[in-house]
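Colleague: For reference, the file protein_0.cif (mmCIF, C-alpha atoms) is included below:
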```
data_model
loop_
_atom_site.group_PDB
_atom_site.id
_atom_site.type_symbol
_atom_site.label_atom_id
_atom_site.label_comp_id
_atom_site.auth_asym_id
_atom_site.auth_seq_id
_atom_site.Cartn_x
_atom_site.Cartn_y
_atom_site.Cartn_z
ATOM 1 C CA MET A 1 -99.678 174.224 26.941
ATOM 2 C CA ALA A 2 -98.532 177.766 26.088
ATOM 3 C CA ILE A 3 -100.103 179.096 29.297
ATOM 4 C CA LEU A 4 -98.387 176.388 31.355
ATOM 5 C CA ASP A 5 -95.027 177.192 29.760
ATOM 6 C CA ARG A 6 -95.523 180.900 30.401
ATOM 7 C CA ASN A 7 -96.395 180.287 34.067
ATOM 8 C CA PHE A 8 -93.347 178.046 34.436
ATOM 9 C CA ASN A 9 -91.057 180.709 32.944
ATOM 10 C CA LEU A 10 -92.559 183.361 35.228
ATOM 11 C CA SER A 11 -92.061 181.049 38.193
ATOM 12 C CA GLN A 12 -88.430 180.466 37.188
ATOM 13 C CA ARG A 13 -87.815 184.219 36.981
ATOM 14 C CA MET A 14 -89.375 184.694 40.382
ATOM 15 C CA VAL A 15 -87.287 181.860 41.846
ATOM 16 C CA GLN A 16 -84.088 183.492 40.580
ATOM 17 C CA GLU A 17 -84.934 186.976 41.844
ATOM 18 C CA LEU A 18 -86.395 185.914 45.183
ATOM 19 C CA GLY A 19 -83.677 183.336 45.801
ATOM 20 C CA ARG A 20 -80.909 185.922 45.322
ATOM 21 C CA THR A 21 -82.731 188.311 47.631
ATOM 22 C CA ILE A 22 -82.952 185.693 50.381
ATOM 23 C CA ILE A 23 -79.300 184.665 50.024
ATOM 24 C CA CYS A 24 -78.204 188.306 50.173
ATOM 25 C CA GLY A 25 -80.077 188.720 53.469
ATOM 26 C CA GLU A 26 -82.266 191.544 52.242
ATOM 27 C CA PHE A 27 -85.216 190.512 54.410
ATOM 28 C CA ILE A 28 -85.114 191.895 57.958
ATOM 29 C CA ASP A 29 -86.692 188.833 59.565
ATOM 30 C CA ASP A 30 -87.572 185.321 58.435
ATOM 31 C CA SER A 31 -90.966 186.194 56.971
ATOM 32 C CA LEU A 32 -91.655 186.854 53.304
ATOM 33 C CA PRO A 33 -94.474 188.882 51.720
ATOM 34 C CA THR A 34 -97.829 187.158 51.410
ATOM 35 C CA GLU A 35 -98.844 185.267 48.296
ATOM 36 C CA ALA A 36 -100.979 188.213 47.158
ATOM 37 C CA GLU A 37 -98.107 190.658 47.763
ATOM 38 C CA LEU A 38 -95.726 188.475 45.762
ATOM 39 C CA CYS A 39 -98.238 188.437 42.901
ATOM 40 C CA ASP A 40 -98.201 192.228 42.850
ATOM 41 C CA LYS A 41 -94.445 192.518 43.315
ATOM 42 C CA PHE A 42 -93.530 190.174 40.456
ATOM 43 C CA GLY A 43 -96.599 190.745 38.295
ATOM 44 C CA VAL A 44 -97.463 187.053 38.160
ATOM 45 C CA SER A 45 -100.481 184.872 38.869
ATOM 46 C CA ARG A 46 -101.107 182.955 42.078
ATOM 47 C CA SER A 47 -100.339 179.690 40.294
ATOM 48 C CA ALA A 48 -96.932 181.038 39.241
ATOM 49 C CA VAL A 49 -96.226 182.174 42.815
ATOM 50 C CA ARG A 50 -97.195 178.779 44.203
ATOM 51 C CA GLU A 51 -94.935 177.003 41.734
ATOM 52 C CA ALA A 52 -92.030 179.292 42.660
ATOM 53 C CA VAL A 53 -92.669 178.670 46.363
ATOM 54 C CA LYS A 54 -92.526 174.913 45.706
ATOM 55 C CA MET A 55 -89.190 175.301 43.897
ATOM 56 C CA LEU A 56 -87.646 177.396 46.665
ATOM 57 C CA SER A 57 -89.033 175.027 49.300
ATOM 58 C CA ALA A 58 -87.332 172.110 47.508
ATOM 59 C CA LYS A 59 -84.050 174.009 47.821
ATOM 60 C CA GLY A 60 -84.602 174.308 51.579
ATOM 61 C CA LEU A 61 -84.766 178.112 51.445
ATOM 62 C CA ILE A 62 -88.353 178.633 52.563
ATOM 63 C CA THR A 63 -91.344 176.887 54.062
ATOM 64 C CA SER A 64 -95.017 177.647 53.496
ATOM 65 C CA LYS A 65 -97.709 176.562 55.954
ATOM 66 C CA PRO A 66 -101.333 177.593 56.541
ATOM 67 C CA ARG A 67 -101.709 180.473 59.020
ATOM 68 C CA GLN A 68 -97.905 180.813 59.205
ATOM 69 C CA GLY A 69 -97.294 182.255 55.773
ATOM 70 C CA ILE A 70 -94.056 181.928 53.795
ATOM 71 C CA ARG A 71 -90.984 181.935 55.998
ATOM 72 C CA ILE A 72 -87.256 181.738 55.398
ATOM 73 C CA GLN A 73 -85.649 178.582 56.717
ATOM 74 C CA PRO A 74 -82.549 178.670 58.936
ATOM 75 C CA GLU A 75 -79.343 178.503 56.900
ATOM 76 C CA ASP A 76 -78.561 174.996 58.126
ATOM 77 C CA GLN A 77 -81.663 173.820 56.246
ATOM 78 C CA TRP A 78 -80.551 175.268 52.901
ATOM 79 C CA ASN A 79 -79.484 172.795 50.234
ATOM 80 C CA ILE A 80 -76.178 174.514 49.599
ATOM 81 C CA PHE A 81 -75.126 171.910 47.010
ATOM 82 C CA ASP A 82 -77.990 173.062 44.770
ATOM 83 C CA PRO A 83 -76.454 174.756 41.679
ATOM 84 C CA ASP A 84 -78.774 177.763 41.943
ATOM 85 C CA LEU A 85 -77.907 178.337 45.603
ATOM 86 C CA LEU A 86 -74.215 178.032 44.845
ATOM 87 C CA ARG A 87 -74.508 180.644 42.106
ATOM 88 C CA TRP A 88 -76.496 182.986 44.352
ATOM 89 C CA VAL A 89 -73.877 182.646 47.065
ATOM 90 C CA LEU A 90 -71.236 183.575 44.506
ATOM 91 C CA GLU A 91 -73.203 186.610 43.350
ATOM 92 C CA SER A 92 -73.802 187.782 46.913
ATOM 93 C CA LYS A 93 -70.076 188.382 47.561
ATOM 94 C CA PRO A 94 -69.708 185.823 50.358
ATOM 95 C CA SER A 95 -67.813 186.535 53.551
ATOM 96 C CA LEU A 96 -64.326 185.218 54.242
ATOM 97 C CA HIS A 97 -65.881 182.781 56.703
ATOM 98 C CA VAL A 98 -67.962 181.266 53.877
ATOM 99 C CA LEU A 99 -64.825 181.049 51.724
ATOM 100 C CA LYS A 100 -63.097 179.260 54.581
ATOM 101 C CA GLU A 101 -65.898 176.701 54.715
ATOM 102 C CA PHE A 102 -65.676 176.223 50.944
ATOM 103 C CA LEU A 103 -61.972 175.490 51.210
ATOM 104 C CA GLN A 104 -62.438 173.139 54.147
ATOM 105 C CA VAL A 105 -64.808 171.040 52.029
ATOM 106 C CA ARG A 106 -62.372 171.100 49.119
ATOM 107 C CA ILE A 107 -59.641 169.774 51.403
ATOM 108 C CA ALA A 108 -61.915 166.904 52.340
ATOM 109 C CA ILE A 109 -62.589 166.027 48.679
ATOM 110 C CA GLU A 110 -59.910 167.006 46.194
ATOM 111 C CA PRO A 111 -56.748 165.412 47.628
ATOM 112 C CA GLU A 112 -58.440 162.001 47.614
ATOM 113 C CA ALA A 113 -59.839 162.663 44.123
ATOM 114 C CA ALA A 114 -56.284 163.368 42.949
ATOM 115 C CA ALA A 115 -55.079 160.123 44.529
ATOM 116 C CA LEU A 116 -57.852 158.190 42.783
ATOM 117 C CA ALA A 117 -57.017 159.911 39.501
ATOM 118 C CA ALA A 118 -53.418 158.698 39.847
ATOM 119 C CA ARG A 119 -54.780 155.169 40.104
ATOM 120 C CA TYR A 120 -57.611 155.113 37.598
ATOM 121 C CA ALA A 121 -57.357 157.953 35.053
ATOM 122 C CA ASP A 122 -57.204 156.768 31.447
ATOM 123 C CA GLN A 123 -55.281 158.584 28.741
ATOM 124 C CA SER A 124 -58.167 160.806 27.679
ATOM 125 C CA LYS A 125 -58.724 162.021 31.238
ATOM 126 C CA LEU A 126 -55.006 162.658 31.706
ATOM 127 C CA GLU A 127 -55.056 164.731 28.534
ATOM 128 C CA ALA A 128 -58.012 166.754 29.837
ATOM 129 C CA ILE A 129 -56.063 167.636 32.990
ATOM 130 C CA GLU A 130 -52.950 168.464 30.976
ATOM 131 C CA ASN A 131 -54.907 170.650 28.536
ATOM 132 C CA ALA A 132 -56.365 172.630 31.434
ATOM 133 C CA LEU A 133 -52.894 173.042 32.907
ATOM 134 C CA GLU A 134 -51.595 174.252 29.560
ATOM 135 C CA GLY A 135 -54.477 176.732 29.427
ATOM 136 C CA MET A 136 -53.379 178.099 32.802
ATOM 137 C CA ARG A 137 -49.802 178.356 31.603
ATOM 138 C CA LYS A 138 -50.760 180.326 28.494
ATOM 139 C CA ALA A 139 -53.245 182.645 30.212
ATOM 140 C CA GLU A 140 -52.396 185.940 31.793
ATOM 141 C CA GLY A 141 -52.417 185.752 35.598
ATOM 142 C CA ASN A 142 -55.759 186.579 37.268
ATOM 143 C CA SER A 143 -57.516 186.807 33.895
ATOM 144 C CA LYS A 144 -60.855 185.233 32.988
ATOM 145 C CA GLU A 145 -59.015 182.685 30.841
ATOM 146 C CA ASP A 146 -56.764 181.782 33.761
ATOM 147 C CA LEU A 147 -59.763 181.316 36.066
ATOM 148 C CA GLU A 148 -61.634 179.103 33.606
ATOM 149 C CA ALA A 149 -58.546 176.961 32.967
ATOM 150 C CA ASP A 150 -57.946 176.619 36.713
ATOM 151 C CA ILE A 151 -61.526 175.465 37.254
ATOM 152 C CA ALA A 152 -61.239 173.052 34.318
ATOM 153 C CA PHE A 153 -58.087 171.585 35.889
ATOM 154 C CA HIS A 154 -59.795 170.748 39.170
ATOM 155 C CA VAL A 155 -63.017 169.508 37.575
ATOM 156 C CA SER A 156 -61.005 167.287 35.212
ATOM 157 C CA ILE A 157 -59.411 165.641 38.225
ATOM 158 C CA LEU A 158 -62.854 164.894 39.671
ATOM 159 C CA TYR A 159 -63.750 163.133 36.414
ATOM 160 C CA ALA A 160 -60.387 161.350 36.364
ATOM 161 C CA SER A 161 -61.111 159.881 39.803
ATOM 162 C CA ASN A 162 -63.752 157.673 38.126
ATOM 163 C CA ASN A 163 -65.833 158.083 41.292
ATOM 164 C CA ARG A 164 -69.417 159.042 40.443
ATOM 165 C CA PHE A 165 -69.919 160.798 43.794
ATOM 166 C CA TYR A 166 -66.873 163.021 43.355
ATOM 167 C CA ILE A 167 -67.908 163.781 39.784
ATOM 168 C CA ARG A 168 -71.333 164.936 41.010
ATOM 169 C CA LEU A 169 -69.570 167.500 43.210
ATOM 170 C CA ARG A 170 -68.298 169.350 40.133
ATOM 171 C CA ASP A 171 -70.781 172.232 40.505
ATOM 172 C CA PHE A 172 -69.860 172.754 44.133
ATOM 173 C CA ILE A 173 -66.127 172.629 43.421
ATOM 174 C CA SER A 174 -66.503 174.964 40.430
ATOM 175 C CA THR A 175 -68.360 177.530 42.516
ATOM 176 C CA ALA A 176 -65.951 177.216 45.426
ATOM 177 C CA LEU A 177 -63.067 177.802 43.046
ATOM 178 C CA ARG A 178 -64.737 180.682 41.253
ATOM 179 C CA VAL A 179 -65.160 182.454 44.587
ATOM 180 C CA SER A 180 -61.945 181.570 46.387
ATOM 181 C CA ILE A 181 -59.499 181.943 43.482
ATOM 182 C CA SER A 182 -60.569 185.539 42.954
ATOM 183 C CA HIS A 183 -59.489 186.218 46.545
ATOM 184 C CA THR A 184 -56.346 184.111 46.915
ATOM 185 C CA ASN A 185 -54.554 184.358 43.563
ATOM 186 C CA PRO A 186 -54.287 188.178 43.578
ATOM 187 C CA ILE A 187 -52.794 187.928 47.079
ATOM 188 C CA LYS A 188 -50.261 185.330 45.971
ATOM 189 C CA GLY A 189 -49.508 187.419 42.901
ATOM 190 C CA ASN A 190 -47.128 184.848 41.384
ATOM 191 C CA HIS A 191 -48.818 183.275 38.371
ATOM 192 C CA GLU A 192 -45.856 181.071 37.529
ATOM 193 C CA GLY A 193 -45.835 179.754 41.087
ATOM 194 C CA VAL A 194 -49.551 178.941 40.940
ATOM 195 C CA VAL A 195 -49.054 177.049 37.669
ATOM 196 C CA GLU A 196 -46.073 175.193 39.123
ATOM 197 C CA ASP A 197 -48.131 174.079 42.133
ATOM 198 C CA HIS A 198 -50.763 172.674 39.765
ATOM 199 C CA SER A 199 -48.038 171.020 37.678
ATOM 200 C CA LYS A 200 -46.923 169.080 40.749
ATOM 201 C CA VAL A 201 -50.420 167.663 41.102
ATOM 202 C CA PHE A 202 -50.615 166.707 37.434
ATOM 203 C CA ASN A 203 -47.154 165.136 37.337
ATOM 204 C CA ALA A 204 -47.959 162.988 40.353
ATOM 205 C CA ILE A 205 -51.184 161.822 38.700
ATOM 206 C CA LYS A 206 -49.443 161.184 35.379
ATOM 207 C CA ASN A 207 -46.687 159.201 37.136
ATOM 208 C CA ARG A 208 -49.318 157.090 38.927
ATOM 209 C CA ASN A 209 -48.210 158.163 42.389
ATOM 210 C CA PRO A 210 -51.397 158.424 44.498
ATOM 211 C CA GLU A 211 -49.754 159.591 47.705
ATOM 212 C CA ARG A 212 -47.739 162.310 46.014
ATOM 213 C CA ALA A 213 -50.852 163.452 44.125
ATOM 214 C CA ARG A 214 -52.791 163.584 47.379
ATOM 215 C CA GLN A 215 -50.111 165.618 49.155
ATOM 216 C CA ALA A 216 -49.593 168.003 46.218
ATOM 217 C CA MET A 217 -53.307 168.786 46.055
ATOM 218 C CA LEU A 218 -53.507 169.129 49.832
ATOM 219 C CA ALA A 219 -50.618 171.613 49.826
ATOM 220 C CA LEU A 220 -52.224 173.617 47.012
ATOM 221 C CA ILE A 221 -55.569 174.014 48.799
ATOM 222 C CA ASP A 222 -54.056 174.407 52.246
ATOM 223 C CA GLU A 223 -52.034 177.392 51.038
ATOM 224 C CA ALA A 224 -55.234 179.089 49.849
ATOM 225 C CA LEU A 225 -56.925 178.268 53.154
ATOM 226 C CA ASN A 226 -54.028 179.841 55.057
ATOM 227 C CA PHE A 227 -54.456 183.065 53.052
ATOM 228 C CA ILE A 228 -58.154 183.199 53.945
ATOM 229 C CA GLU A 229 -57.502 182.418 57.637
ATOM 230 C CA ASP A 230 -54.801 185.101 57.785
ATOM 231 C CA SER A 231 -57.226 187.611 56.259
ATOM 232 C CA ILE A 232 -59.882 186.692 58.832
ATOM 233 C CA ALA A 233 -57.376 187.050 61.661
ATOM 234 C CA ALA A 234 -56.357 190.448 60.324
ATOM 235 C CA GLY A 235 -59.990 191.552 60.395
ATOM 236 C CA LYS A 236 -60.302 192.061 56.626
#
```
Any chance you could put this one into structure tokens?

Modeller:
Amino acid sequence: MAILDRNFNLSQRMVQELGRTIICGEFIDDSLPTEAELCDKFGVSRSAVREAVKMLSAKGLITSKPRQGIRIQPEDQWNIFDPDLLRWVLESKPSLHVLKEFLQVRIAIEPEAAALAARYADQSKLEAIENALEGMRKAEGNSKEDLEADIAFHVSILYASNNRFYIRLRDFISTALRVSISHTNPIKGNHEGVVEDHSKVFNAIKNRNPERARQAMLALIDEALNFIEDSIAAGK
């Protein structure tokens, strides 16, 4: 059992290191080192390498076939909702185009989640949203505390929607926020204005006004998307 646990831990370490390397585009082509070369590179056994390859294959990052070796899959095959992949994307300093795609998905999800929250949120879920908003209000603009409170605000709304599919998107939304907020809030530079925009969303939810909640959330995300699109157009 101890040997199995050790191999699993070694495989996990290899998955983390190799996964980040793939996401960062550090390989010139789509081929990876051989199984034997990976053993030497990471100092692990063949069984640990094979387990790591299985894990990365399940994430859609690579494929391993006889006589073809281990190859990187095209990006459209990657399971980008996988929490590990999302974290690696964050750590790789994604391009503005990736941030734009993040925000486009948020626009498709969060306004409707806010509308559902206005319909179905119970008192405890309303309090969770309000507590996150209060955390934003108390935090210094663009600080770690501000970022965490902002993320908590949006994730609390997913839970308040009482929709299990939206709730399961919490990791994606958290990562999208963690990346995009660090780019858009410093540009906006007005912490009180950011908090006020979030207050409009909360007040609409609290007052049980689904359409107003939907529009307030849409305006909040659309403003961030406009910043990113302007930056792309300016060639930044």

Colleague: Counting all atoms listed in the file, figure out which residue out of A:Asp40, A:Leu126, A:Glu140, A:Ala234 gets nearest to Arg208 of chain A.

Modeller: A:Leu126

Colleague: Please enumerate the residues selected by the PyMOL selection byres ((chain A and resi 146-152) around 9) when evaluated against the supplied file, formatted as a ChimeraX atom specification.

Modeller: /A:128-129,131-145,153-157,173-175,177-178,181-182,195,198

Colleague: Record the distance separating atom CA of Ile80 of chain A and atom CA of Phe172 of chain A, expressed in Å with one decimal.

Modeller: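 Calculated distance between atom CA of Ile80 of chain A and atom CA of Phe172 of chain A is 8.5 Å.
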
Colleague: Fewer than 5 positions away in the same chain doesn't count, so skip those; otherwise give me all residues within 9 Å of Leu220 of chain A, counting only C-alpha atoms, as an MDAnalysis selection string.

Modeller: chainID A and resid 194 197:198 201 215

Colleague: Name the residues captured by the PyMOL selection byres ((chain A and resi 163) around 12) when it is applied to the shown file; answer as a ChimeraX atom specification.

Modeller: /A:109-110,112-117,119-121,157-162,164-170

Colleague: With the PyMOL selection byres ((chain A and resi 84-99) around 7) as the selection, what would be picked from this file? Answer as a ChimeraX atom specification, please.

Modeller: /A:20,23-24,80-83,100-103,172,175,179-180,228,232

Colleague: Pick out the closest residue to Glu35 of chain A from this set: A:Val15, A:Ile70, A:Ala204, A:Leu10. Count all atoms listed in the file.

Modeller: A:Ile70

Colleague: Please provide the set of residues having any atom within 9 Å of Leu218 of chain A, restricted to only C-alpha atoms, with same-chain residues fewer than 4 positions apart removed, written as a PDB file with C-alpha atoms, keeping the file's coordinate frame.

Modeller:
```pdb
ATOM      1  CA  ILE A 107     -59.641 169.774  51.403  1.00  0.00           C
ATOM      2  CA  GLU A 110     -59.910 167.006  46.194  1.00  0.00           C
ATOM      3  CA  PRO A 111     -56.748 165.412  47.628  1.00  0.00           C
ATOM      4  CA  GLU A 112     -58.440 162.001  47.614  1.00  0.00           C
ATOM      5  CA  ALA A 213     -50.852 163.452  44.125  1.00  0.00           C
ATOM      6  CA  ARG A 214     -52.791 163.584  47.379  1.00  0.00           C
ATOM      7  CA  ASP A 222     -54.056 174.407  52.246  1.00  0.00           C
ATOM      8  CA  GLU A 223     -52.034 177.392  51.038  1.00  0.00           C
TER       9      GLU A 223
END
```
